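This is target_1.pdb (PDB, C-alpha atoms and all ligand atoms).
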```
MODEL        1
ATOM      1  CA  MET A   1      41.511   6.683   0.962
ATOM      2  CA  PRO A   2      39.429   8.813   3.362
ATOM      3  CA  PRO A   3      36.825   6.921   5.387
ATOM      4  CA  VAL A   4      33.367   6.532   3.889
ATOM      5  CA  PHE A   5      30.997   9.445   4.525
ATOM      6  CA  ASP A   6      27.893   9.044   2.372
ATOM      7  CA  ILE A   7      24.215   9.953   2.370
ATOM      8  CA  VAL A   8      22.023   7.099   1.134
ATOM      9  CA  PHE A   9      18.591   8.288  -0.010
ATOM     10  CA  LEU A  10      15.763   5.907   0.864
ATOM     11  CA  GLY A  11      12.891   8.229   0.006
ATOM     12  CA  THR A  12      13.099  11.522  -1.884
ATOM     13  CA  GLY A  13       9.400  12.307  -2.227
ATOM     14  CA  SER A  14       6.763  14.211  -0.295
ATOM     15  CA  PRO A  15       3.259  13.319   0.929
ATOM     16  CA  ILE A  16       2.021  13.522  -2.686
ATOM     17  CA  PRO A  17       2.343  10.018  -4.164
ATOM     18  CA  SER A  18       4.837   9.309  -6.944
ATOM     19  CA  PRO A  19       5.495   5.923  -8.556
ATOM     20  CA  ASP A  20       9.240   6.431  -8.081
ATOM     21  CA  ARG A  21       9.733   8.337  -4.845
ATOM     22  CA  CYS A  22       8.903   7.133  -1.347
ATOM     23  CA  GLY A  23       8.420   9.240   1.775
ATOM     24  CA  CYS A  24      11.414  11.023   3.236
ATOM     25  CA  GLY A  25      14.226   8.827   4.581
ATOM     26  CA  HIS A  26      18.028   8.646   4.507
ATOM     27  CA  VAL A  27      20.903   6.734   6.033
ATOM     28  CA  VAL A  28      24.038   8.667   6.927
ATOM     29  CA  VAL A  29      27.007   6.299   6.586
ATOM     30  CA  ALA A  30      30.158   7.432   8.403
ATOM     31  CA  GLY A  31      32.815   4.772   8.704
ATOM     32  CA  GLU A  32      31.104   1.889  10.503
ATOM     33  CA  SER A  33      28.241   4.042  11.811
ATOM     34  CA  HIS A  34      24.811   4.043  10.172
ATOM     35  CA  VAL A  35      22.273   6.685  11.214
ATOM     36  CA  LEU A  36      18.696   6.656   9.927
ATOM     37  CA  VAL A  37      17.282  10.136   9.322
ATOM     38  CA  ASP A  38      13.471   9.995   9.057
ATOM     39  CA  CYS A  39      11.494   6.959   7.890
ATOM     40  CA  GLY A  40       8.566   7.949   5.678
ATOM     41  CA  TYR A  41       6.326   5.555   3.740
ATOM     42  CA  GLY A  42       8.323   2.999   1.739
ATOM     43  CA  SER A  43      11.693   3.956   3.230
ATOM     44  CA  ALA A  44      12.201   0.629   5.016
ATOM     45  CA  ARG A  45      11.796  -1.425   1.852
ATOM     46  CA  ARG A  46      14.301   0.814   0.064
ATOM     47  CA  LEU A  47      17.019  -0.436   2.432
ATOM     48  CA  MET A  48      17.362  -3.785   0.644
ATOM     49  CA  PRO A  49      18.470  -2.442  -2.764
ATOM     50  CA  THR A  50      20.979  -0.109  -1.064
ATOM     51  CA  GLY A  51      22.727  -3.093   0.543
ATOM     52  CA  ILE A  52      22.453  -1.625   4.041
ATOM     53  CA  VAL A  53      21.541  -4.313   6.563
ATOM     54  CA  PRO A  54      18.870  -2.824   8.858
ATOM     55  CA  ALA A  55      20.490  -4.375  11.964
ATOM     56  CA  THR A  56      23.616  -2.256  11.372
ATOM     57  CA  ILE A  57      21.586   0.921  11.997
ATOM     58  CA  GLY A  58      22.113   1.762  15.647
ATOM     59  CA  THR A  59      20.686   5.286  15.719
ATOM     60  CA  ALA A  60      17.612   6.955  14.256
ATOM     61  CA  VAL A  61      16.852  10.683  14.243
ATOM     62  CA  PHE A  62      13.626  12.404  13.235
ATOM     63  CA  THR A  63      13.074  15.916  11.908
ATOM     64  CA  HIS A  64       9.381  16.256  12.765
ATOM     65  CA  MET A  65       6.204  14.261  13.178
ATOM     66  CA  HIS A  66       4.594  14.584   9.708
ATOM     67  CA  THR A  67       3.446  11.250   8.265
ATOM     68  CA  ASP A  68       5.783  11.337   5.261
ATOM     69  CA  HIS A  69       8.724  11.226   7.712
ATOM     70  CA  ILE A  70       7.586   8.573  10.192
ATOM     71  CA  THR A  71       5.046   6.030   8.976
ATOM     72  CA  ASP A  72       7.536   3.304   7.987
ATOM     73  CA  VAL A  73       8.968   3.149  11.513
ATOM     74  CA  PRO A  74       7.129  -0.107  12.411
ATOM     75  CA  ASP A  75       8.432  -1.887   9.296
ATOM     76  CA  PHE A  76      11.930  -0.566   9.914
ATOM     77  CA  LEU A  77      11.883  -1.768  13.554
ATOM     78  CA  ASN A  78      10.761  -5.229  12.449
ATOM     79  CA  LEU A  79      13.373  -5.436   9.652
ATOM     80  CA  ARG A  80      16.097  -4.282  12.058
ATOM     81  CA  TRP A  81      15.099  -6.857  14.657
ATOM     82  CA  THR A  82      14.736  -9.796  12.269
ATOM     83  CA  SER A  83      18.035  -9.005  10.522
ATOM     84  CA  GLY A  84      19.884  -9.533  13.797
ATOM     85  CA  ALA A  85      19.754  -6.456  16.035
ATOM     86  CA  THR A  86      20.638  -7.275  19.630
ATOM     87  CA  LYS A  87      20.671  -3.789  21.129
ATOM     88  CA  PRO A  88      17.960  -1.127  21.483
ATOM     89  CA  LEU A  89      17.743   1.482  18.734
ATOM     90  CA  GLN A  90      18.924   4.885  19.985
ATOM     91  CA  VAL A  91      16.269   7.380  18.879
ATOM     92  CA  PHE A  92      16.546  11.174  18.881
ATOM     93  CA  GLY A  93      14.089  13.801  17.734
ATOM     94  CA  PRO A  94      12.019  16.811  18.742
ATOM     95  CA  THR A  95       9.276  16.867  21.347
ATOM     96  CA  GLY A  96       6.702  14.288  20.272
ATOM     97  CA  THR A  97       9.246  11.625  19.319
ATOM     98  CA  LYS A  98       8.668   9.570  22.477
ATOM     99  CA  LYS A  99       4.891   9.585  22.033
ATOM    100  CA  MET A 100       5.317   8.490  18.411
ATOM    101  CA  MET A 101       7.694   5.623  19.257
ATOM    102  CA  ASP A 102       5.545   4.481  22.207
ATOM    103  CA  GLY A 103       2.517   4.439  19.898
ATOM    104  CA  PHE A 104       4.204   2.413  17.167
ATOM    105  CA  LEU A 105       5.559  -0.087  19.703
ATOM    106  CA  LEU A 106       2.109  -0.421  21.265
ATOM    107  CA  ALA A 107       0.730  -1.263  17.808
ATOM    108  CA  LEU A 108       3.464  -3.905  17.428
ATOM    109  CA  GLU A 109       2.959  -5.433  20.889
ATOM    110  CA  ASP A 110       1.105  -8.559  19.729
ATOM    111  CA  ASP A 111       3.385  -9.022  16.683
ATOM    112  CA  ILE A 112       6.441  -8.976  18.966
ATOM    113  CA  ARG A 113       4.861 -11.532  21.291
ATOM    114  CA  PHE A 114       3.953 -13.816  18.344
ATOM    115  CA  ARG A 115       7.479 -13.702  16.891
ATOM    116  CA  LEU A 116       9.189 -14.376  20.225
ATOM    117  CA  ALA A 117       6.883 -17.369  20.735
ATOM    118  CA  HIS A 118       7.418 -18.694  17.200
ATOM    119  CA  HIS A 119      11.232 -18.325  17.158
ATOM    120  CA  PRO A 120      12.310 -19.160  20.720
ATOM    121  CA  GLY A 121      15.908 -18.141  21.462
ATOM    122  CA  LYS A 122      16.510 -16.758  17.952
ATOM    123  CA  LEU A 123      15.432 -13.134  18.218
ATOM    124  CA  HIS A 124      17.103 -11.017  20.885
ATOM    125  CA  PRO A 125      14.416  -9.278  22.966
ATOM    126  CA  ASP A 126      16.506  -6.069  23.117
ATOM    127  CA  GLY A 127      16.675  -5.853  19.305
ATOM    128  CA  ILE A 128      13.097  -4.568  19.074
ATOM    129  CA  ARG A 129      13.467  -2.079  21.928
ATOM    130  CA  VAL A 130      14.159   1.641  21.579
ATOM    131  CA  GLU A 131      15.704   4.259  23.852
ATOM    132  CA  VAL A 132      14.349   7.723  23.065
ATOM    133  CA  THR A 133      15.939  11.080  23.817
ATOM    134  CA  GLU A 134      13.995  14.216  22.898
ATOM    135  CA  ILE A 135      16.346  17.045  22.009
ATOM    136  CA  PRO A 136      15.734  20.763  22.516
ATOM    137  CA  ALA A 137      15.008  22.971  19.505
ATOM    138  CA  THR A 138      17.640  25.706  19.328
ATOM    139  CA  PRO A 139      18.331  28.156  16.478
ATOM    140  CA  ASP A 140      22.073  27.476  16.641
ATOM    141  CA  ALA A 141      23.302  24.000  15.724
ATOM    142  CA  ALA A 142      24.049  22.089  18.932
ATOM    143  CA  SER A 143      25.681  18.679  19.342
ATOM    144  CA  PHE A 144      23.504  16.025  20.990
ATOM    145  CA  ALA A 145      25.332  12.755  20.298
ATOM    146  CA  THR A 146      28.507  11.228  18.910
ATOM    147  CA  ALA A 147      28.437   7.887  17.109
ATOM    148  CA  ALA A 148      31.061   5.183  17.689
ATOM    149  CA  SER A 149      32.895   6.171  14.496
ATOM    150  CA  GLY A 150      33.337   9.740  15.745
ATOM    151  CA  LEU A 151      30.420  11.069  13.673
ATOM    152  CA  SER A 152      29.080  14.152  15.432
ATOM    153  CA  LEU A 153      25.309  14.727  15.343
ATOM    154  CA  GLU A 154      24.012  18.281  15.662
ATOM    155  CA  SER A 155      20.466  19.652  15.477
ATOM    156  CA  PHE A 156      18.952  23.070  14.854
ATOM    157  CA  GLU A 157      15.396  24.366  14.733
ATOM    158  CA  VAL A 158      13.901  25.186  11.339
ATOM    159  CA  ASP A 159      10.705  27.001  10.324
ATOM    160  CA  HIS A 160       7.993  24.557   9.257
ATOM    161  CA  PHE A 161       5.235  26.457  11.081
ATOM    162  CA  PRO A 162       2.682  25.365  12.302
ATOM    163  CA  VAL A 163       4.805  22.238  12.798
ATOM    164  CA  VAL A 164       6.638  23.200  15.994
ATOM    165  CA  PRO A 165       9.243  22.072  16.768
ATOM    166  CA  ALA A 166      10.845  20.924  13.514
ATOM    167  CA  LEU A 167      14.547  20.185  13.253
ATOM    168  CA  GLY A 168      17.330  20.103  10.682
ATOM    169  CA  TYR A 169      20.551  18.159  11.252
ATOM    170  CA  ARG A 170      24.248  18.683  10.649
ATOM    171  CA  PHE A 171      26.680  15.770  10.604
ATOM    172  CA  ARG A 172      30.445  16.227  10.997
ATOM    173  CA  PHE A 173      32.910  13.463  10.270
ATOM    174  CA  ASP A 174      36.542  13.273   9.208
ATOM    175  CA  GLY A 175      36.786  17.046   8.705
ATOM    176  CA  ARG A 176      33.718  17.078   6.418
ATOM    177  CA  SER A 177      30.142  18.204   7.061
ATOM    178  CA  ALA A 178      26.702  17.494   5.650
ATOM    179  CA  VAL A 179      23.515  19.413   6.465
ATOM    180  CA  LEU A 180      20.008  17.999   6.040
ATOM    181  CA  SER A 181      17.445  20.802   6.084
ATOM    182  CA  GLY A 182      14.416  18.801   7.159
ATOM    183  CA  ASP A 183      11.125  20.376   6.069
ATOM    184  CA  THR A 184      11.436  24.138   6.264
ATOM    185  CA  SER A 185      10.704  27.439   4.681
ATOM    186  CA  MET A 186      13.610  29.832   4.167
ATOM    187  CA  CYS A 187      15.074  30.590   7.614
ATOM    188  CA  ASP A 188      18.197  32.105   9.175
ATOM    189  CA  SER A 189      18.963  29.037  11.295
ATOM    190  CA  LEU A 190      19.337  26.877   8.172
ATOM    191  CA  LEU A 191      21.531  29.526   6.537
ATOM    192  CA  ALA A 192      23.727  29.615   9.652
ATOM    193  CA  ALA A 193      23.970  25.826   9.988
ATOM    194  CA  ALA A 194      24.830  25.443   6.287
ATOM    195  CA  GLN A 195      27.757  27.905   6.386
ATOM    196  CA  GLY A 196      30.694  26.214   4.695
ATOM    197  CA  ALA A 197      29.006  22.798   4.569
ATOM    198  CA  ASP A 198      30.516  20.365   2.092
ATOM    199  CA  LEU A 199      27.052  19.030   1.217
ATOM    200  CA  LEU A 200      23.571  20.494   1.716
ATOM    201  CA  VAL A 201      20.527  18.265   1.266
ATOM    202  CA  SER A 202      17.545  20.579   1.003
ATOM    203  CA  ASP A 203      13.798  20.388   0.955
ATOM    204  CA  ALA A 204      12.658  21.983  -2.331
ATOM    205  CA  LEU A 205       9.392  23.292  -3.804
ATOM    206  CA  ASN A 206       9.333  24.553  -7.381
ATOM    207  CA  PRO A 207       6.637  27.279  -7.225
ATOM    208  CA  ALA A 208       5.675  27.286 -10.925
ATOM    209  CA  MET A 209       5.470  23.491 -11.177
ATOM    210  CA  PHE A 210       3.594  23.268  -7.892
ATOM    211  CA  ALA A 211       1.044  25.882  -9.020
ATOM    212  CA  GLN A 212       0.475  24.035 -12.321
ATOM    213  CA  PHE A 213       0.093  20.752 -10.465
ATOM    214  CA  THR A 214      -2.413  22.284  -8.019
ATOM    215  CA  GLU A 215      -4.547  23.717 -10.845
ATOM    216  CA  ARG A 216      -4.641  20.335 -12.620
ATOM    217  CA  VAL A 217      -5.828  18.678  -9.412
ATOM    218  CA  ARG A 218      -8.422  21.387  -8.671
ATOM    219  CA  ALA A 219     -10.729  20.281 -11.484
ATOM    220  CA  ILE A 220     -11.034  16.724 -10.202
ATOM    221  CA  ARG A 221     -10.227  16.881  -6.475
ATOM    222  CA  PRO A 222     -11.099  20.332  -5.115
ATOM    223  CA  LEU A 223     -10.389  19.449  -1.473
ATOM    224  CA  ALA A 224      -6.895  18.177  -2.309
ATOM    225  CA  ALA A 225      -6.200  21.341  -4.297
ATOM    226  CA  ALA A 226      -7.415  23.490  -1.410
ATOM    227  CA  LEU A 227      -4.973  21.683   0.886
ATOM    228  CA  PHE A 228      -2.164  22.105  -1.664
ATOM    229  CA  ASP A 229      -2.843  25.870  -1.633
ATOM    230  CA  ASP A 230      -1.386  25.901   1.894
ATOM    231  CA  VAL A 231       1.786  23.932   1.077
ATOM    232  CA  PRO A 232       4.086  26.617  -0.449
ATOM    233  CA  SER A 233       4.010  28.627   2.812
ATOM    234  CA  TYR A 234       6.033  26.047   4.756
ATOM    235  CA  HIS A 235       8.576  24.728   2.253
ATOM    236  CA  ILE A 236      11.611  26.469   0.809
ATOM    237  CA  HIS A 237      11.267  27.415  -2.882
ATOM    238  CA  THR A 238      13.907  26.428  -5.429
ATOM    239  CA  PRO A 239      15.243  29.997  -6.056
ATOM    240  CA  GLU A 240      15.535  30.452  -2.270
ATOM    241  CA  VAL A 241      17.456  27.171  -1.962
ATOM    242  CA  ALA A 242      19.907  28.346  -4.620
ATOM    243  CA  ARG A 243      20.418  31.707  -2.904
ATOM    244  CA  LEU A 244      20.865  30.056   0.491
ATOM    245  CA  ALA A 245      23.424  27.586  -0.893
ATOM    246  CA  ARG A 246      25.306  30.446  -2.561
ATOM    247  CA  ASP A 247      25.248  32.669   0.527
ATOM    248  CA  ALA A 248      26.325  29.813   2.804
ATOM    249  CA  GLY A 249      29.132  28.822   0.418
ATOM    250  CA  VAL A 250      28.202  25.144   0.411
ATOM    251  CA  GLY A 251      30.206  22.771  -1.751
ATOM    252  CA  ARG A 252      27.419  20.713  -3.291
ATOM    253  CA  LEU A 253      23.631  21.010  -3.288
ATOM    254  CA  VAL A 254      21.271  18.047  -3.388
ATOM    255  CA  LEU A 255      17.499  18.539  -3.683
ATOM    256  CA  SER A 256      15.168  16.045  -2.067
ATOM    257  CA  HIS A 257      11.611  16.005  -0.637
ATOM    258  CA  LEU A 258      10.469  17.363  -4.005
ATOM    259  CA  LEU A 259       7.228  19.337  -4.358
ATOM    260  CA  PRO A 260       5.443  18.510  -6.550
ATOM    261  CA  ASN A 261       6.554  14.902  -6.393
ATOM    262  CA  LEU A 262       8.270  13.872  -9.656
ATOM    263  CA  PRO A 263       8.835  10.591 -11.435
ATOM    264  CA  ASN A 264      12.439   9.643 -12.265
ATOM    265  CA  ASP A 265      12.264  11.678 -15.455
ATOM    266  CA  PRO A 266      15.401  13.636 -16.432
ATOM    267  CA  ALA A 267      13.411  16.278 -18.351
ATOM    268  CA  MET A 268      11.125  16.973 -15.406
ATOM    269  CA  GLU A 269      14.072  17.009 -12.994
ATOM    270  CA  GLU A 270      15.818  19.532 -15.224
ATOM    271  CA  GLN A 271      12.675  21.669 -15.299
ATOM    272  CA  PHE A 272      12.453  21.405 -11.498
ATOM    273  CA  ALA A 273      15.944  22.864 -10.998
ATOM    274  CA  ALA A 274      15.704  25.381 -13.863
ATOM    275  CA  GLY A 275      17.430  28.681 -13.103
ATOM    276  CA  MET A 276      19.149  27.491  -9.919
ATOM    277  CA  SER A 277      22.584  27.190 -11.500
ATOM    278  CA  ASP A 278      22.339  30.889 -12.502
ATOM    279  CA  ILE A 279      22.397  31.641  -8.769
ATOM    280  CA  PHE A 280      24.437  28.857  -7.132
ATOM    281  CA  PRO A 281      27.753  28.138  -8.868
ATOM    282  CA  GLY A 282      28.387  24.670  -7.414
ATOM    283  CA  PRO A 283      27.048  21.272  -8.480
ATOM    284  CA  ILE A 284      23.284  20.716  -8.085
ATOM    285  CA  GLN A 285      21.774  17.261  -8.038
ATOM    286  CA  ILE A 286      18.239  15.930  -7.670
ATOM    287  CA  ALA A 287      18.303  12.873  -5.448
ATOM    288  CA  ARG A 288      16.544   9.656  -6.390
ATOM    289  CA  ASP A 289      15.497   6.803  -4.130
ATOM    290  CA  THR A 290      18.332   4.324  -3.330
ATOM    291  CA  GLN A 291      20.991   6.757  -4.582
ATOM    292  CA  ARG A 292      24.223   7.086  -2.569
ATOM    293  CA  ILE A 293      25.985  10.458  -2.618
ATOM    294  CA  SER A 294      29.398  10.959  -1.022
ATOM    295  CA  VAL A 295      30.178  13.914   1.206
ATOM    296  CA  GLU A 296      33.327  15.232  -0.416
ATOM    297  CA  LYS A 297      35.473  18.100   0.824
ATOM    298  CA  ARG A 298      34.323  21.263  -0.931
ATOM    299  CA  ASN A 299      36.726  23.333  -2.973
ATOM    300  CA  GLN A 300      37.854  26.257  -0.872
ATOM    301  CA  PRO A 301      37.097  29.635  -2.463
TER     302      PRO A 301
HETATM  303 ZN    ZN B   1       6.627  18.290   7.000
HETATM  304 ZN    ZN B   2       7.654  16.231   4.560
ENDMDL
END
```

What is this file in structure tokens?
Ligand SMILES: [Zn+2]
Ligand SMILES: [Zn+2]
Amino acid sequence: MPPVFDIVFLGTGSPIPSPDRCGCGHVVVAGESHVLVDCGYGSARRLMPTGIVPATIGTAVFTHMHTDHITDVPDFLNLRWTSGATKPLQVFGPTGTKKMMDGFLLALEDDIRFRLAHHPGKLHPDGIRVEVTEIPATPDAASFATAASGLSLESFEVDHFPVVPALGYRFRFDGRSAVLSGDTSMCDSLLAAAQGADLLVSDALNPAMFAQFTERVRAIRPLAAALFDDVPSYHIHTPEVARLARDAGVGRLVLSHLLPNLPNDPAMEEQFAAGMSDIFPGPIQIARDTQRISVEKRNQP
């Protein structure tokens, strides 16, 4: 049996609320290593049904500083600490990550003091600490860390303008690779990083469904609709995802960070991915919260 190399989806939604999909978050499981990738609203509470003990997560990486990728960080830090963490969380992300973590920890300052006073000797003071490294944004995937299991962590810059910098990540383990696009429009750096990947997890906006959704909202919430008008310019559209996956020769494609946000409805998910399999010949899946998908070696052409 090859060692475990899985992506666990905590949140598969976007900033637009859905009853079924939380903000963006994942755990990459590689052997004994657990790496959190983003922590949007609701992601921390999704850990419990996945069976992943928060204290076993030693590393967290962030793609960019949009709310739907970061706002569950305080809950995650508290769950990690109170489930037994004894070492600081190693945090990596683009410029802005240190300011974000400092701000969340400042907000938690009194809570931390109260808990240490209430549970003397039970909570390790280092378990709520973080050590942050901001990583440079480069178009080519570059390694910035290796986990204890041998999991290699690589980052590359993507195009989520005006969100600069924004990163995607590639993970290599046991001769297999998984790429997480982060939030991006179609860009060459993602195409290059995804070359030959066994699994690609991609941001995805269905343009027809998003346009219909925006028009429905316009009648009742004109400001929201006006904001939604700007969204398609900085997310990759479903036909583009299919072409990119085909051109990069990836083994399996998983769509997440869905726009518009969908309920767990098979008919709507099918509509969301309509036409993609005419372009990309491999398996296409729409991720759901708490789902675990294995990174399996792709079939060589
Ligand atoms: Zn974003
Ligand atoms: Zn997002």

query: Any idea what's packed within 8 Å of region 58-74 of chain A, counting all atoms listed in the file, ignoring anything in its chain fewer than 5 positions away? Could you give it as a PyMOL selection string?
result: chain A and resi 14-15+23-25+33-44+87-94+96-97+100+104-105+108+163+165-169+182-183

query: So, counting only C-alpha atoms, which residue among A:Ala137, A:Ile293, A:Glu131, A:Gly31 is closest to Asp102 (chain A)?
result: A:Glu131

message: One decimal, in Å: what's the spacing between CA of Ala287 (chain A) and CA of Ala242 (chain A)?
response: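 The value is 15.6 Å.
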
message: So, with all atoms listed in the file as the atoms that count, which of A:Pro263, A:Gly275, A:Pro283, A:Gly121 lies closest to Pro19 (chain A)?
response: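 The answer is A:Pro263, which sits nearest to Pro19 (chain A).
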
message: Need the shell around region 203-214 of chain A: protein/DNA/RNA residues with any atom at most 8 Å away, counting only C-alpha atoms. Skip same-chain ones fewer than 5 positions apart. Format as a ChimeraX atom specification?
response: /A:181-184,225,228-229,232,235-238,241,255-260,272-273

Those selected residues, please, written with C-alpha atoms and delivered as a PDB file, in the coordinates of the input.
```pdb
ATOM      1  CA  SER A 181      17.445  20.802   6.084  1.00  0.00           C
ATOM      2  CA  GLY A 182      14.416  18.801   7.159  1.00  0.00           C
ATOM      3  CA  ASP A 183      11.125  20.376   6.069  1.00  0.00           C
ATOM      4  CA  THR A 184      11.436  24.138   6.264  1.00  0.00           C
ATOM      5  CA  ALA A 225      -6.200  21.341  -4.297  1.00  0.00           C
ATOM      6  CA  PHE A 228      -2.164  22.105  -1.664  1.00  0.00           C
ATOM      7  CA  ASP A 229      -2.843  25.870  -1.633  1.00  0.00           C
ATOM      8  CA  PRO A 232       4.086  26.617  -0.449  1.00  0.00           C
ATOM      9  CA  HIS A 235       8.576  24.728   2.253  1.00  0.00           C
ATOM     10  CA  ILE A 236      11.611  26.469   0.809  1.00  0.00           C
ATOM     11  CA  HIS A 237      11.267  27.415  -2.882  1.00  0.00           C
ATOM     12  CA  THR A 238      13.907  26.428  -5.429  1.00  0.00           C
ATOM     13  CA  VAL A 241      17.456  27.171  -1.962  1.00  0.00           C
ATOM     14  CA  LEU A 255      17.499  18.539  -3.683  1.00  0.00           C
ATOM     15  CA  SER A 256      15.168  16.045  -2.067  1.00  0.00           C
ATOM     16  CA  HIS A 257      11.611  16.005  -0.637  1.00  0.00           C
ATOM     17  CA  LEU A 258      10.469  17.363  -4.005  1.00  0.00           C
ATOM     18  CA  LEU A 259       7.228  19.337  -4.358  1.00  0.00           C
ATOM     19  CA  PRO A 260       5.443  18.510  -6.550  1.00  0.00           C
ATOM     20  CA  PHE A 272      12.453  21.405 -11.498  1.00  0.00           C
ATOM     21  CA  ALA A 273      15.944  22.864 -10.998  1.00  0.00           C
TER      22      ALA A 273
END
```

query: Suppose you want the space between CA of Gln291 (chain A) and CA of Asn261 (chain A); what is it in Å?
result: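 Result for CA of Gln291 (chain A) versus CA of Asn261 (chain A): 16.7 Å, one decimal.
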
task: Given the file shown, determine the residues that the PyMOL selection byres (((chain A and resi 20) around 9) and not hetatm) selects; report them as a list in words.
output: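 That expression, the PyMOL selection byres (((chain A and resi 20) around 9) and not hetatm), corresponds here to Thr12, Gly13, Pro17, Ser18, Pro19, Arg21, Cys22, Leu262, Pro263, Asn264, Arg288 and Asp289 of chain A.
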
statement: Here CA of Met101 (chain A) and CA of Leu79 (chain A) stand apart by 15.7 Å
